$ cat my_file_38.txt   # compact mmCIF, C-alpha atoms
# COMPACT_ATOMS: atom_id res chain seq x y z
CA MET C 276 11.08 195.74 -42.12
CA ARG C 277 9.37 199.10 -41.58
CA GLY C 278 6.80 197.35 -39.42
CA LYS C 279 9.59 195.92 -37.24
CA VAL C 280 11.03 199.40 -36.77
CA LYS C 281 7.64 200.65 -35.59
CA VAL C 282 7.37 197.74 -33.15
CA ILE C 283 10.84 198.51 -31.76
CA LEU C 284 10.06 202.21 -31.36
CA LYS C 285 6.76 201.42 -29.65
CA THR C 286 8.53 199.00 -27.31
CA PHE C 287 11.02 201.71 -26.35
CA MET C 288 8.30 204.32 -25.80
CA ASP C 289 6.23 201.91 -23.72
CA TYR C 290 9.34 201.11 -21.67
CA SER C 291 10.00 204.82 -21.17
CA GLY C 292 6.49 205.43 -19.86
CA SER C 293 5.61 208.99 -18.90
CA GLY C 294 9.04 209.87 -17.48
CA ILE C 295 12.11 211.30 -19.17
CA TYR C 296 14.82 209.14 -17.58
CA PRO C 297 15.50 206.98 -20.69
CA PHE C 298 15.88 210.16 -22.72
CA LEU C 299 18.18 211.67 -20.09
CA PHE C 300 20.23 208.52 -20.42
CA LEU C 301 20.40 208.85 -24.21
CA ALA C 302 21.49 212.51 -23.91
CA SER C 303 24.06 211.55 -21.26
CA LEU C 304 25.40 208.74 -23.41
CA VAL C 305 25.86 210.99 -26.44
CA TYR C 306 27.58 213.64 -24.30
CA LEU C 307 29.95 211.16 -22.64
CA LEU C 308 30.81 209.42 -25.92
CA ALA C 309 32.02 212.80 -27.17
CA ALA C 310 33.66 214.06 -23.97
CA GLU C 311 34.91 211.11 -21.93
CA LYS C 312 38.60 210.27 -22.38
CA ASN C 313 39.06 207.46 -19.84
CA LYS C 314 39.28 204.23 -21.89
CA LYS C 315 38.08 201.95 -19.08
CA ILE C 316 34.99 204.05 -18.47
CA ARG C 317 34.28 204.25 -22.18
CA ILE C 318 34.43 200.48 -22.58
CA VAL C 319 32.49 199.54 -19.42
CA LEU C 320 29.78 202.22 -19.46
CA LEU C 321 29.62 203.89 -22.84
CA GLU C 322 30.66 201.65 -25.71
CA SER C 323 28.92 198.60 -24.22
CA SER C 324 25.73 200.67 -23.84
CA ALA C 325 26.03 201.90 -27.41
CA VAL C 326 26.36 198.33 -28.71
CA ILE C 327 23.29 197.22 -26.72
CA LEU C 328 21.27 200.14 -28.08
CA ILE C 329 22.36 199.48 -31.66
CA LEU C 330 21.35 195.85 -31.34
CA PHE C 331 18.04 196.80 -29.71
CA PHE C 332 17.06 199.11 -32.56
CA PHE C 333 18.35 196.72 -35.27
CA PRO C 334 15.29 195.01 -36.85
CA LEU C 335 17.12 191.78 -37.70
CA PHE C 336 18.21 191.38 -34.07
CA GLN C 337 14.61 191.96 -32.96
CA MET C 338 13.39 189.26 -35.34
CA ILE C 339 15.91 186.76 -33.96
CA MET C 340 15.05 187.53 -30.33
CA GLU C 341 11.34 187.26 -31.13
CA LYS C 342 11.91 183.74 -32.42
CA VAL C 343 14.03 182.81 -29.41
CA ASP C 344 12.08 184.31 -26.52
CA GLY C 345 8.77 185.63 -27.87
CA PRO C 346 7.69 189.18 -28.79
CA ASP C 347 6.59 190.36 -25.35
CA THR C 348 9.96 190.14 -23.58
CA TYR C 349 12.05 192.15 -26.04
CA TYR C 350 11.98 195.21 -23.78
CA ARG C 351 14.13 193.30 -21.28
CA ILE C 352 17.14 193.99 -23.49
CA LEU C 353 16.94 197.53 -22.09
CA TRP C 354 17.49 196.15 -18.58
CA LEU C 355 21.13 195.63 -19.60
CA LEU C 356 21.67 199.38 -19.93
CA PRO C 357 23.29 201.10 -16.90
CA MET C 358 20.94 204.05 -17.22
CA THR C 359 21.26 205.31 -13.65
CA VAL C 360 25.07 205.14 -13.56
CA VAL C 361 25.57 206.77 -16.95
CA THR C 362 23.09 209.56 -16.23
CA ALA C 363 24.57 210.24 -12.79
CA TYR C 364 28.14 210.21 -14.13
CA ALA C 365 27.24 212.60 -16.94
CA GLY C 366 25.56 214.89 -14.43
CA VAL C 367 28.65 214.94 -12.22
CA GLN C 368 30.86 215.66 -15.22
CA LEU C 369 28.61 218.54 -16.28
CA ILE C 370 28.43 220.05 -12.81
CA GLY C 371 32.18 220.52 -12.64
CA LYS C 372 33.07 223.26 -10.20
CA HIS C 373 29.48 224.44 -9.80
CA THR C 374 28.54 221.63 -7.43
CA ARG C 375 25.79 223.28 -5.38
CA ILE C 376 23.95 224.86 -8.27
CA GLY C 377 24.47 221.76 -10.37
CA LEU C 378 23.08 219.41 -7.72
CA VAL C 379 19.99 221.57 -7.30
CA ALA C 380 19.46 221.71 -11.05
CA LEU C 381 19.94 217.96 -11.47
CA ALA C 382 17.62 217.18 -8.57
CA ALA C 383 14.96 219.46 -10.08
CA ILE C 384 15.28 217.75 -13.46
CA CYS C 385 14.98 214.28 -11.89
CA VAL C 386 11.97 215.25 -9.75
CA LEU C 387 10.09 217.10 -12.48
CA GLY C 388 10.96 214.49 -15.10
CA GLY C 389 9.79 211.53 -13.04
CA ASP C 390 6.40 210.22 -12.05
CA TYR C 391 4.84 210.15 -8.59
CA VAL C 392 4.34 206.40 -8.22
CA TYR C 393 2.25 206.59 -5.04
CA ASP C 394 -0.78 207.96 -6.90
CA ASN C 395 -0.96 204.71 -8.87
CA VAL C 396 -3.87 202.47 -7.92
CA ASN C 397 -1.54 199.46 -7.94
CA VAL C 398 0.80 200.98 -5.34
CA SER C 399 -0.13 201.05 -1.65
CA ARG C 400 1.56 201.20 1.73
CA ALA C 401 3.05 197.86 2.78
CA SER C 402 1.04 196.16 5.52
CA ASN C 403 3.75 193.64 6.44
CA ARG C 404 7.47 192.96 5.98
CA TYR C 405 6.76 190.75 2.97
CA HIS C 406 5.18 193.62 1.02
CA ILE C 407 2.28 191.43 -0.05
CA PRO C 408 -1.43 191.62 0.86
CA GLU C 409 -2.11 190.70 4.48
CA GLU C 410 -4.91 188.40 3.33
CA VAL C 411 -2.39 186.24 1.47
CA VAL C 412 -0.23 185.91 4.59
CA ALA C 413 -3.23 184.95 6.74
CA ILE C 414 -4.56 182.42 4.19
CA CYS C 415 -1.17 180.78 3.79
CA ASP C 416 -0.69 180.59 7.54
CA LEU C 417 -4.10 178.92 7.87
CA ILE C 418 -3.41 176.16 5.34
CA MET C 419 0.35 175.85 5.91
CA PRO C 420 1.46 172.24 6.57
CA GLU C 421 3.00 171.38 9.90
CA GLU C 422 6.77 171.20 10.18
CA GLY C 423 8.05 168.00 8.60
CA LYS C 424 4.81 167.36 6.69
CA GLU C 425 4.38 167.26 2.92
CA ARG C 426 3.65 170.51 1.14
CA VAL C 427 -0.04 171.20 0.56
CA TRP C 428 -1.76 172.08 -2.70
CA ALA C 429 -4.12 175.02 -3.04
CA VAL C 430 -5.80 176.87 -5.87
CA PHE C 431 -6.10 180.68 -5.64
CA PRO C 432 -7.98 183.38 -7.57
CA SER C 433 -5.86 185.09 -10.23
CA GLU C 434 -5.39 188.30 -8.22
CA LEU C 435 -3.46 186.35 -5.56
CA LEU C 436 -1.29 184.18 -7.82
CA HIS C 437 1.69 186.56 -7.81
CA PHE C 438 1.97 186.65 -4.03
CA VAL C 439 1.73 183.09 -2.71
CA ARG C 440 5.15 181.97 -3.93
CA GLN C 441 6.70 185.17 -2.56
CA TYR C 442 5.55 184.16 0.91
CA SER C 443 6.09 180.41 1.05
CA SER C 444 7.21 177.48 -1.09
CA ARG C 445 5.41 175.03 1.21
CA ILE C 446 2.15 175.74 -0.58
CA GLN C 447 2.01 174.31 -4.09
CA MET C 448 -0.37 175.56 -6.77
CA PRO C 449 -1.65 173.63 -9.82
CA TYR C 450 -0.91 176.81 -11.81
CA GLY C 451 0.71 180.15 -11.14
CA ARG C 452 1.17 183.47 -12.89
CA ASP C 453 1.79 181.57 -16.13
CA MET C 454 -1.99 181.38 -16.54
CA LEU C 455 -2.09 185.16 -16.87
CA LEU C 456 0.05 184.72 -19.99
CA THR C 457 -1.97 181.97 -21.65
CA HIS C 458 -2.56 184.21 -24.67
CA LEU C 459 1.21 184.22 -25.24
CA TYR C 460 2.79 180.87 -24.47
CA TYR C 461 0.89 178.66 -22.07
CA GLU C 462 -2.08 176.36 -22.38
CA ALA C 463 -4.71 177.05 -19.73
CA HIS C 464 -4.84 174.64 -16.80
CA PRO C 465 -8.27 172.92 -16.57
CA MET C 466 -9.01 174.56 -13.21
CA TYR C 467 -8.19 178.10 -14.35
CA PRO C 468 -11.28 178.87 -16.50
CA VAL C 469 -13.52 177.39 -13.79
CA MET C 470 -11.93 179.55 -11.10
CA GLU C 471 -12.13 182.68 -13.27
CA ALA C 472 -15.65 182.17 -14.63
CA GLU C 473 -18.26 184.81 -13.80
CA THR C 474 -20.05 182.17 -11.72
CA VAL C 475 -17.91 179.44 -10.15
CA ASP C 476 -19.34 175.94 -10.64
CA LEU C 477 -18.48 174.27 -7.33
CA LYS C 478 -19.35 170.78 -8.56
CA GLN C 479 -16.99 171.03 -11.52
CA LEU C 480 -14.35 172.74 -9.39
CA SER C 481 -14.55 170.00 -6.76
CA ARG C 482 -14.18 167.30 -9.42
CA LEU C 483 -11.13 168.99 -10.91
CA ALA C 484 -9.62 169.52 -7.46
CA GLN C 485 -10.02 165.80 -6.87
CA GLU C 486 -8.36 164.92 -10.16
CA CYS C 487 -5.49 167.38 -9.67
CA GLY C 488 -4.86 166.54 -6.02
CA VAL C 489 -5.76 170.00 -4.73
CA GLN C 490 -6.50 170.05 -1.00
CA TYR C 491 -7.56 173.68 -0.54
CA ILE C 492 -9.67 176.04 -2.62
CA ILE C 493 -9.67 179.79 -2.02
CA LEU C 494 -12.58 181.75 -3.51
CA ASN C 495 -13.30 185.45 -3.65
CA LYS C 496 -16.56 186.06 -1.80
CA ALA C 497 -17.53 188.73 -4.32
CA LYS C 498 -17.81 186.10 -7.06
CA PRO C 499 -21.11 184.16 -7.19
CA THR C 500 -21.02 180.37 -6.98
CA GLU C 501 -23.28 177.62 -8.26
CA GLY C 502 -23.89 174.57 -6.07
CA ASP C 503 -23.78 173.83 -2.36
CA PRO C 504 -20.20 173.40 -1.01
CA GLU C 505 -21.12 170.52 1.32
CA GLU C 506 -23.02 168.65 -1.39
CA CYS C 507 -19.98 169.12 -3.65
CA GLY C 508 -17.72 167.61 -1.01
CA LEU C 509 -16.09 170.84 0.15
CA GLU C 510 -15.66 171.90 3.76
CA ARG C 511 -15.52 175.62 4.55
CA ILE C 512 -12.75 176.03 7.12
CA GLY C 513 -12.39 179.77 7.33
CA GLU C 514 -13.05 183.27 6.10
CA ILE C 515 -10.22 185.77 5.75
CA GLY C 516 -11.00 189.25 4.46
CA SER C 517 -12.60 188.95 1.05
CA TYR C 518 -11.96 185.22 0.71
CA ASP C 519 -13.53 181.91 1.74
CA ILE C 520 -11.20 178.98 2.35
CA PHE C 521 -12.45 175.47 1.57
CA ARG C 522 -10.87 172.12 2.39
CA ASN C 523 -11.22 169.28 -0.09
CA PRO C 524 -11.33 166.21 2.22
CA GLY C 525 -11.22 163.89 -0.77
CA VAL C 526 -7.48 164.52 -1.08
CA PRO C 527 -5.62 163.54 2.11
CA LEU C 528 -2.91 165.93 3.24
CA ALA C 529 -0.23 163.25 3.09
CA SER C 530 -0.81 162.56 -0.62
CA ALA C 531 0.52 165.84 -1.96
CA ALA C 532 3.98 164.59 -2.91
CA GLY C 533 2.77 162.69 -5.95
CA TYR C 534 1.43 165.67 -7.89
CA ARG C 535 3.24 168.09 -10.13
CA THR C 536 2.97 171.86 -10.26
CA ASN C 537 3.46 174.66 -12.74
CA ALA C 538 3.87 177.24 -10.00

$ encode --input "my_file_38.txt" --output "structure tokens"
Amino acid sequence: MRGKVKVILKTFMDYSGSGIYPFLFLASLVYLLAAEKNKKIRIVLLESSAVILILFFFPLFQMIMEKVDGPDTYYRILWLLPMTVVTAYAGVQLIGKHTRIGLVALAAICVLGGDYVYDNVNVSRASNRYHIPEEVVAICDLIMPEEGKERVWAVFPSELLHFVRQYSSRIQMPYGRDMLLTHLYYEAHPMYPVMEAETVDLKQLSRLAQECGVQYIILNKAKPTEGDPEECGLERIGEIGSYDIFRNPGVPLASAAGYRTNA
């Protein structure tokens, strides 16, 4: 049981990250539970939050949720907490008649207690209205089926898997972001280890594309390949940024409807 408590505490600390907002929420919740008299507000914001927190830190509840949904999604219980609303409401209640000074103080606490997200390597300025890499948009536009035609099937490198479905559902994938979680729940699709190998075996990849009904293959140019694309039955139809786009003529475009997808 002690081990479960440590897991729960680690989950909360990992969720909190380097900022102090979850702890501001906890302080605000304690303050409002003691000071707030409005019954409706207490039920909707405070007592419901307290129940969620009690359940979250209760080891038996964690064990049940782990059996139901797996150990790596337990932090999502914290998504149910109205952290922003409770913290803001507590701040307003504390400010009282000293609005100007209080607003400055609260703003300073929020700014100093947060984290500057734009210095993160995974955060960059959006290059299009979809907020996904421009290369993904260009690749999808290149292989997109004509209006009224069946959806096409394409296999992408792992770094692009998250973005394709955000842009269009007319491009099917034999696997999606689920492959990034194979160590948790999912069995690896046969094409995934070939695509992610240090050296991509084009002959094996072409054979699997044929078996899985994949019409397009997108490869990162930085990754070495083994085999000649033409000899392996692949036709290079374009180059967009860091990626080569290959057509697999062995699978006609009109035959896509008969295959299933995990993405």

$ closest_residue --input "my_file_38.txt" --among "C:Phe521, C:Phe300, C:Phe336, C:Tyr405" --to "Leu321 (chain C)" --atoms "only C-alpha atoms"
C:Phe300

$ atom_distance --input "my_file_38.txt" --atom1 "CA of Gln490 (chain C)" --atom2 "CA of Met466 (chain C)"
13.3 Å

$ atom_distance --input "my_file_38.txt" --atom1 "CA of Arg511 (chain C)" --atom2 "CA of Pro499 (chain C)"
15.6 Å

$ atom_distance --input "my_file_38.txt" --atom1 "CA of Ile446 (chain C)" --atom2 "CA of Ile493 (chain C)"
12.6 Å

$ residues_around --input "my_file_38.txt" --residues "Ser517 (chain C)" --least-positions-apart "5" --cutoff "12 Å" --atoms "all atoms listed in the file" --output "VMD selection string"
chain C and resid 408 to 411 413 to 414 432 434 to 435 493 to 498
